[in-house]
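S.K.: Pasting a structure here, questions to come.
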Amino acid sequence: MELTRRDAVVALAAIGVGVGGGGVVLQSGYFDEDGVDGRGTPDSAPDPDVDPVGHSLALAEVLYPAKLNITDEFVETYVLARSQDDDTYRAEMLSGLETLDAAAHQQHGEGYPALTEAERNEILHGFGLEDAAPNPDPDGDLRGRIRYYLIDEFLYALYTSPTGGKLVGTENPVGHPGGLQSYQRGSPE
Amino acid sequence: MSTDTAGATVDRSPSARVDVCVIGSGPAGALAAYSLASDGHDVVIIEAGERFEPEPSDRRHRMEKFLRPPYDWADVWNMGGQRDAYTSSGPLHYPLNTTRVKGVGGTSLHWLGLVPRLHEKDFEMASRYGLGVDWPIDYEDVQPYYATAEQAMGVAGGTDNPFAPPRAEPFPLEPFPPSHSDTRFEDACETLDIELHSIPNARNSEPYDDRSRCIGYGTCDPVCPSGAKYTADVHVRKAETEGARVIDRVPVQRLEHDSTGETVEAAVYATPDGATHRQEARAFVVACGAIETPRLLLLSTSEQYPDGLANSSGVVGHYLMEHPFAGTFAVAADPTRQGHIGFMTSESHQFYDHDEPAPGSMKLEFLNDAGPDPVELALDDGGWGDDLLTHVRRRYGSELAIGALVEQLPAYENRVTLDHDRTDDHGNPVPDIHWDVGDHAIETMRRAHDIQRRIYLAMDDVRITGRTDPRDPGVARHPMGTTRMGEDPDESVVNARLRAHDLDNLYVASSSVFPTGGAMNPTLTIAALALKAADHIDTAL
């Protein structure tokens, strides 16, 4: 099973985020502006070693089930459109990815995407992110914000999409506008 | 002028004296305002809450808030805080801020959207059973307004209900077909001689009134992103097209009457900058729901009305009724296809009309959204990856639920009063809800549980997992009865024309006028009575 760009568009549409016609273009330098939104050190520049799409893909590979093949296009479409739609999301996402990357460098001497999946998974546990559920505070401490803006964000996109729904037995999960046919059927088509 | 939170300048000053001032913009206020504006009257609608964007993208963002922790139901439509503070001092907690919504569209912004009519017996409880009171009007008086309300909202319904009350007009929209789980329940019910049928939905089964058909988001309550579910902001906009003016974010503080005490002169409202203003009108419609309507009257004391405006009877706030909910839950051995849609497609009204006084009326509901959703399970667990997938798979997809709304008799002790020890953001005493369930409802819920249990026992490979507690049931979020209709001014607040006994130009459009509550979702009856009130006001002006 594959998560494609179309899945990203579907997931974004369900939230209310539009994707520009003709495809999403990775705007070079888009993340180079001061996007940390006043948190922590307002004058610090984004870490140039953190590629939002590449780092998000590395994170999604840990968050999503192993059987899912997550395409670059899915992550690129989803992450960029969300970032363009919401300044706070962009800033918090970057901040969260930078935090994970810093921990990766500290513990393994390499950036987050370069680690094995097991190492990437361990870094998430190291922050206690499993304990930030079920009520992460998007305005609270670092752990709560990473949980809300990164972990929950990707899980929400998956489990309200038809691809994610099919993994658990529904082609029309809550949050997805799957039409009026599926509820009458006894099984997915 | 005052500014809104975005900093834009909005004119919230009162209009010159208008024909009708409508207070509240839920289905009651919106439909009354639209009807009166269409009749050529000069109408102002005053709404305590804000005007929300009707755009699908805004509604989808609200849906995301509903589905993602840490947010919850009240966050969807910005309910809570000191503006909405309340006390619940009765034996059972009354969850007021997940019951109503303040804003243009009112509580219909978050409602489920079921719109059955009351039955004839609901209007004649005292005559038929020696219970409660009779309405001063009967089903035939309301019937034409039911039909108008169904056309206005866009109701999808069928003629397959053998227990339905009389109707002369067809539904404007075809009913939604039964769901997969409906067919499973139907097979079991057939062996028990229980008949299922469609349930009227204020939801587009096909495009209607420039609104989309339902496309299956599954989050009808608290928010429909597609606009297929009817919300009363539709008729607020239609009223504006007919010349009505809407002022939002301006909670009415009190109503003021003239020196005779027989005529309301003005609604005093507060703008966001803290100033107060007087909107004068020839007639006033209080359409604030069954909690805020009596509250406004109780806050409007004067020398002539020391116990609250229009309260010479002393019953304003009393006889609060709800629809207690009786549910039985089960799991099946195979997938039950829940959560594809968020509304019911089948019910049974077989146990609604009864010969003996008790058990009372009940409406059986067959849910299509039983159990937790995949996203709810995924975000509450804490885990991720394959472990999370295993968890969600184990918990989602096999649940079933049969519900029932039951009738609660009017009891004087169930009431809304003012809590003078607690104030809202304008220094007004908050509402205090004192509510208990009562023996008639408990007996009816026990009967409902018995029927639900028998249905599950007639199904293969289904195991009952639990049920609600009749002594501490949930409520359906249908408050009613607190400014009831009646012929006797000593026992009621408004007459058969929905006009206050005490004042010649004060009308009430709300579930607060219901003398009995039946066991049907109240909104269609609210809408019908609002249209009836508008007709009476039109005649009077």
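Just remember, in the structure tokens the first chain shown is A, the second B, etc., residues are 1-based per chain, and ligands are 1-based in the order shown.
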Write out as a ChimeraX atom specification each polymer residue whose atoms come within 10 Å of region 182-187 of chain A, counting only C-alpha atoms; drop sequence neighbours fewer than 5 positions from it.
M.R.: /A:169-172 /B:176-184,216,335-341,368
S.K.: Take the residues just selected and output them with N, CA, C and O atoms as a PDB file, in the first residue's frame.
M.R.:
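Listed below is the output, part.pdb:
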ATOM      1  N   GLY A 169     -10.201  -1.221   8.244  1.00  0.00           N
ATOM      2  CA  GLY A 169     -11.480  -1.807   7.852  1.00  0.00           C
ATOM      3  C   GLY A 169     -12.544  -0.859   7.360  1.00  0.00           C
ATOM      4  O   GLY A 169     -13.692  -1.256   7.196  1.00  0.00           O
ATOM      5  N   THR A 170     -12.196   0.402   7.113  1.00  0.00           N
ATOM      6  CA  THR A 170     -13.202   1.302   6.572  1.00  0.00           C
ATOM      7  C   THR A 170     -12.597   2.141   5.456  1.00  0.00           C
ATOM      8  O   THR A 170     -11.552   2.752   5.626  1.00  0.00           O
ATOM      9  N   GLU A 171     -13.293   2.177   4.326  1.00  0.00           N
ATOM     10  CA  GLU A 171     -12.817   3.008   3.226  1.00  0.00           C
ATOM     11  C   GLU A 171     -13.320   4.447   3.362  1.00  0.00           C
ATOM     12  O   GLU A 171     -12.967   5.309   2.559  1.00  0.00           O
ATOM     13  N   ASN A 172     -14.149   4.703   4.374  1.00  0.00           N
ATOM     14  CA  ASN A 172     -14.727   6.036   4.585  1.00  0.00           C
ATOM     15  C   ASN A 172     -14.678   6.376   6.075  1.00  0.00           C
ATOM     16  O   ASN A 172     -15.697   6.405   6.745  1.00  0.00           O
TER      17      ASN A 172
ATOM     18  N   PHE B 176     -32.836   8.916   3.218  1.00  0.00           N
ATOM     19  CA  PHE B 176     -31.563   8.217   3.088  1.00  0.00           C
ATOM     20  C   PHE B 176     -31.836   6.720   3.179  1.00  0.00           C
ATOM     21  O   PHE B 176     -32.571   6.265   4.053  1.00  0.00           O
ATOM     22  N   PRO B 177     -31.224   5.919   2.309  1.00  0.00           N
ATOM     23  CA  PRO B 177     -31.446   4.475   2.375  1.00  0.00           C
ATOM     24  C   PRO B 177     -30.897   3.896   3.675  1.00  0.00           C
ATOM     25  O   PRO B 177     -30.012   4.482   4.305  1.00  0.00           O
ATOM     26  N   PRO B 178     -31.411   2.727   4.077  1.00  0.00           N
ATOM     27  CA  PRO B 178     -30.922   2.107   5.313  1.00  0.00           C
ATOM     28  C   PRO B 178     -29.440   1.772   5.209  1.00  0.00           C
ATOM     29  O   PRO B 178     -28.897   1.527   4.129  1.00  0.00           O
ATOM     30  N   SER B 179     -28.791   1.731   6.369  1.00  0.00           N
ATOM     31  CA  SER B 179     -27.380   1.378   6.430  1.00  0.00           C
ATOM     32  C   SER B 179     -27.218  -0.134   6.523  1.00  0.00           C
ATOM     33  O   SER B 179     -28.178  -0.876   6.724  1.00  0.00           O
ATOM     34  N   HIS B 180     -25.956  -0.567   6.413  1.00  0.00           N
ATOM     35  CA  HIS B 180     -25.656  -1.984   6.571  1.00  0.00           C
ATOM     36  C   HIS B 180     -26.082  -2.473   7.948  1.00  0.00           C
ATOM     37  O   HIS B 180     -26.747  -3.520   8.068  1.00  0.00           O
ATOM     38  N   SER B 181     -25.739  -1.723   9.000  1.00  0.00           N
ATOM     39  CA  SER B 181     -26.123  -2.195  10.343  1.00  0.00           C
ATOM     40  C   SER B 181     -27.639  -2.142  10.520  1.00  0.00           C
ATOM     41  O   SER B 181     -28.205  -2.972  11.229  1.00  0.00           O
ATOM     42  N   ASP B 182     -28.318  -1.218   9.858  1.00  0.00           N
ATOM     43  CA  ASP B 182     -29.783  -1.208   9.895  1.00  0.00           C
ATOM     44  C   ASP B 182     -30.339  -2.552   9.410  1.00  0.00           C
ATOM     45  O   ASP B 182     -31.286  -3.089   9.998  1.00  0.00           O
ATOM     46  N   THR B 183     -29.768  -3.078   8.331  1.00  0.00           N
ATOM     47  CA  THR B 183     -30.321  -4.319   7.769  1.00  0.00           C
ATOM     48  C   THR B 183     -30.115  -5.484   8.736  1.00  0.00           C
ATOM     49  O   THR B 183     -30.949  -6.380   8.830  1.00  0.00           O
ATOM     50  N   ARG B 184     -29.037  -5.435   9.477  1.00  0.00           N
ATOM     51  CA  ARG B 184     -28.822  -6.491  10.475  1.00  0.00           C
ATOM     52  C   ARG B 184     -29.838  -6.379  11.603  1.00  0.00           C
ATOM     53  O   ARG B 184     -30.408  -7.373  12.062  1.00  0.00           O
ATOM     54  N   GLY B 216     -20.775  12.548   3.544  1.00  0.00           N
ATOM     55  CA  GLY B 216     -20.293  11.506   4.438  1.00  0.00           C
ATOM     56  C   GLY B 216     -19.064  11.823   5.267  1.00  0.00           C
ATOM     57  O   GLY B 216     -18.243  10.936   5.490  1.00  0.00           O
ATOM     58  N   PRO B 335     -17.342  -7.122  11.117  1.00  0.00           N
ATOM     59  CA  PRO B 335     -17.427  -5.665  10.986  1.00  0.00           C
ATOM     60  C   PRO B 335     -18.862  -5.161  10.905  1.00  0.00           C
ATOM     61  O   PRO B 335     -19.720  -5.761  10.264  1.00  0.00           O
ATOM     62  N   THR B 336     -19.118  -4.044  11.567  1.00  0.00           N
ATOM     63  CA  THR B 336     -20.456  -3.463  11.619  1.00  0.00           C
ATOM     64  C   THR B 336     -20.567  -2.151  10.839  1.00  0.00           C
ATOM     65  O   THR B 336     -21.637  -1.552  10.816  1.00  0.00           O
ATOM     66  N   ARG B 337     -19.488  -1.707  10.230  1.00  0.00           N
ATOM     67  CA  ARG B 337     -19.499  -0.562   9.308  1.00  0.00           C
ATOM     68  C   ARG B 337     -20.019   0.713   9.971  1.00  0.00           C
ATOM     69  O   ARG B 337     -20.903   1.393   9.449  1.00  0.00           O
ATOM     70  N   GLN B 338     -19.471   1.057  11.069  1.00  0.00           N
ATOM     71  CA  GLN B 338     -19.873   2.259  11.817  1.00  0.00           C
ATOM     72  C   GLN B 338     -18.994   3.456  11.430  1.00  0.00           C
ATOM     73  O   GLN B 338     -17.832   3.303  11.055  1.00  0.00           O
ATOM     74  N   GLY B 339     -19.555   4.630  11.540  1.00  0.00           N
ATOM     75  CA  GLY B 339     -18.788   5.865  11.354  1.00  0.00           C
ATOM     76  C   GLY B 339     -18.692   6.355   9.915  1.00  0.00           C
ATOM     77  O   GLY B 339     -18.087   7.392   9.660  1.00  0.00           O
ATOM     78  N   HIS B 340     -19.296   5.646   8.965  1.00  0.00           N
ATOM     79  CA  HIS B 340     -19.264   6.142   7.578  1.00  0.00           C
ATOM     80  C   HIS B 340     -20.104   7.401   7.457  1.00  0.00           C
ATOM     81  O   HIS B 340     -19.799   8.309   6.678  1.00  0.00           O
ATOM     82  N   ILE B 341     -21.211   7.427   8.169  1.00  0.00           N
ATOM     83  CA  ILE B 341     -22.036   8.637   8.297  1.00  0.00           C
ATOM     84  C   ILE B 341     -22.269   8.866   9.782  1.00  0.00           C
ATOM     85  O   ILE B 341     -22.089   7.949  10.591  1.00  0.00           O
ATOM     86  N   ASN B 368     -25.539   4.642  13.660  1.00  0.00           N
ATOM     87  CA  ASN B 368     -24.574   4.353  12.602  1.00  0.00           C
ATOM     88  C   ASN B 368     -23.161   4.811  12.973  1.00  0.00           C
ATOM     89  O   ASN B 368     -22.254   4.748  12.127  1.00  0.00           O
TER      90      ASN B 368
END
S.K.: If we count only C-alpha atoms, what is near His257 (chain B) at a cut-off of 9 Å, once residues fewer than 2 positions away on the same chain are taken out, given as a list in words?
M.R.: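 Once the nearby chain positions are removed, what remains is Leu255, Ser259, Thr260, Gly261, Glu262, Thr263, Val264, Glu265, Ala266, Ser302, Leu309 and Leu503 of chain B.
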S.K.: Write a file of the selected residues as a short mmCIF file (atom, residue, chain, number, x, y, z; two decimals), in the first residue's frame, keeping C-alpha atoms.
M.R.:
data_model
loop_
_atom_site.label_atom_id
_atom_site.label_comp_id
_atom_site.auth_asym_id
_atom_site.auth_seq_id
_atom_site.Cartn_x
_atom_site.Cartn_y
_atom_site.Cartn_z
CA LEU B 255 -35.99 43.79 28.46
CA SER B 259 -45.05 52.45 32.66
CA THR B 260 -48.19 50.34 32.30
CA GLY B 261 -46.20 47.13 32.41
CA GLU B 262 -48.14 45.78 29.45
CA THR B 263 -45.81 46.62 26.58
CA VAL B 264 -42.14 45.89 26.09
CA GLU B 265 -40.33 48.97 24.85
CA ALA B 266 -36.73 47.95 24.36
CA SER B 302 -39.10 45.70 37.62
CA LEU B 309 -40.82 39.88 33.18
CA LEU B 503 -47.67 41.70 27.91
#
S.K.: Pick the closest to Pro225 (chain B) from B:Ala533, B:Val76, B:Met63, B:Ala411: which is it, counting only C-alpha atoms?
M.R.: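 For Pro225 (chain B), the nearest of the given residues is B:Met63.
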S.K.: Taking only C-alpha atoms into account, name the residue in A:Asp49, A:Asp152, A:Glu130, A:Asp72 that is nearest to Glu110 (chain A).
M.R.: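 Of A:Asp49, A:Asp152, A:Glu130, A:Asp72, the one nearest Glu110 (chain A), counting only C-alpha atoms, is A:Asp49.
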S.K.: Rank A:Pro188, A:Pro173, A:Pro138, A:Pro65 by their smallest atom-to-atom distance to Glu117 (chain A), using only C-alpha atoms, and report the top residue only.
M.R.: A:Pro65
S.K.: Mind listing the helix (DSSP H, G or I) residues of region 199-356 of chain B, per DSSP on the backbone, as a list of chain:residue names?
M.R.: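 So, restricting region 199-356 of chain B to helix (DSSP H, G or I), we get B:Asp233, B:Val234, B:His235, B:Val236, B:Arg237, B:Lys238, B:Ala239, B:Glu240, B:Thr241, B:Gly289, B:Ala290, B:Ile291, B:Glu292, B:Thr293, B:Pro294, B:Arg295, B:Leu296, B:Leu297, B:Leu298, B:Leu299.
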S.K.: Go ahead and write the residues just picked, N, CA and C atoms, as a short mmCIF file (atom, residue, chain, number, x, y, z; two decimals), in the first residue's frame.
M.R.:
data_model
loop_
_atom_site.label_atom_id
_atom_site.label_comp_id
_atom_site.auth_asym_id
_atom_site.auth_seq_id
_atom_site.Cartn_x
_atom_site.Cartn_y
_atom_site.Cartn_z
N ASP B 233 -28.28 29.48 10.26
CA ASP B 233 -27.68 30.64 9.59
C ASP B 233 -28.18 30.74 8.15
N VAL B 234 -28.67 29.64 7.60
CA VAL B 234 -29.28 29.67 6.26
C VAL B 234 -30.43 30.68 6.25
N HIS B 235 -31.30 30.59 7.26
CA HIS B 235 -32.44 31.50 7.26
C HIS B 235 -32.12 32.87 7.82
N VAL B 236 -31.03 32.98 8.55
CA VAL B 236 -30.57 34.33 8.92
C VAL B 236 -30.17 35.08 7.65
N ARG B 237 -29.43 34.41 6.77
CA ARG B 237 -29.03 35.06 5.51
C ARG B 237 -30.24 35.35 4.64
N LYS B 238 -31.20 34.42 4.63
CA LYS B 238 -32.41 34.67 3.84
C LYS B 238 -33.17 35.86 4.41
N ALA B 239 -33.20 35.98 5.74
CA ALA B 239 -33.88 37.12 6.36
C ALA B 239 -33.19 38.42 5.96
N GLU B 240 -31.87 38.40 5.90
CA GLU B 240 -31.14 39.60 5.48
C GLU B 240 -31.47 39.97 4.04
N THR B 241 -31.62 38.96 3.20
CA THR B 241 -32.01 39.21 1.81
C THR B 241 -33.37 39.90 1.74
N GLY B 289 -33.70 29.78 23.34
CA GLY B 289 -33.58 28.42 23.87
C GLY B 289 -34.16 28.32 25.26
N ALA B 290 -34.29 27.09 25.73
CA ALA B 290 -35.05 26.85 26.94
C ALA B 290 -34.31 27.20 28.22
N ILE B 291 -33.05 27.57 28.14
CA ILE B 291 -32.32 27.99 29.33
C ILE B 291 -32.21 29.51 29.35
N GLU B 292 -31.76 30.12 28.27
CA GLU B 292 -31.54 31.57 28.25
C GLU B 292 -32.83 32.36 28.11
N THR B 293 -33.89 31.76 27.54
CA THR B 293 -35.17 32.48 27.46
C THR B 293 -35.71 32.79 28.84
N PRO B 294 -35.90 31.77 29.71
CA PRO B 294 -36.36 32.11 31.06
C PRO B 294 -35.35 32.97 31.80
N ARG B 295 -34.06 32.74 31.56
CA ARG B 295 -33.04 33.56 32.25
C ARG B 295 -33.22 35.03 31.92
N LEU B 296 -33.45 35.35 30.65
CA LEU B 296 -33.61 36.75 30.27
C LEU B 296 -34.84 37.35 30.95
N LEU B 297 -35.91 36.58 31.02
CA LEU B 297 -37.11 37.09 31.69
C LEU B 297 -36.85 37.29 33.18
N LEU B 298 -36.15 36.34 33.79
CA LEU B 298 -35.86 36.47 35.23
C LEU B 298 -34.91 37.64 35.51
N LEU B 299 -34.03 37.95 34.55
CA LEU B 299 -33.12 39.09 34.73
C LEU B 299 -33.84 40.42 34.53
#
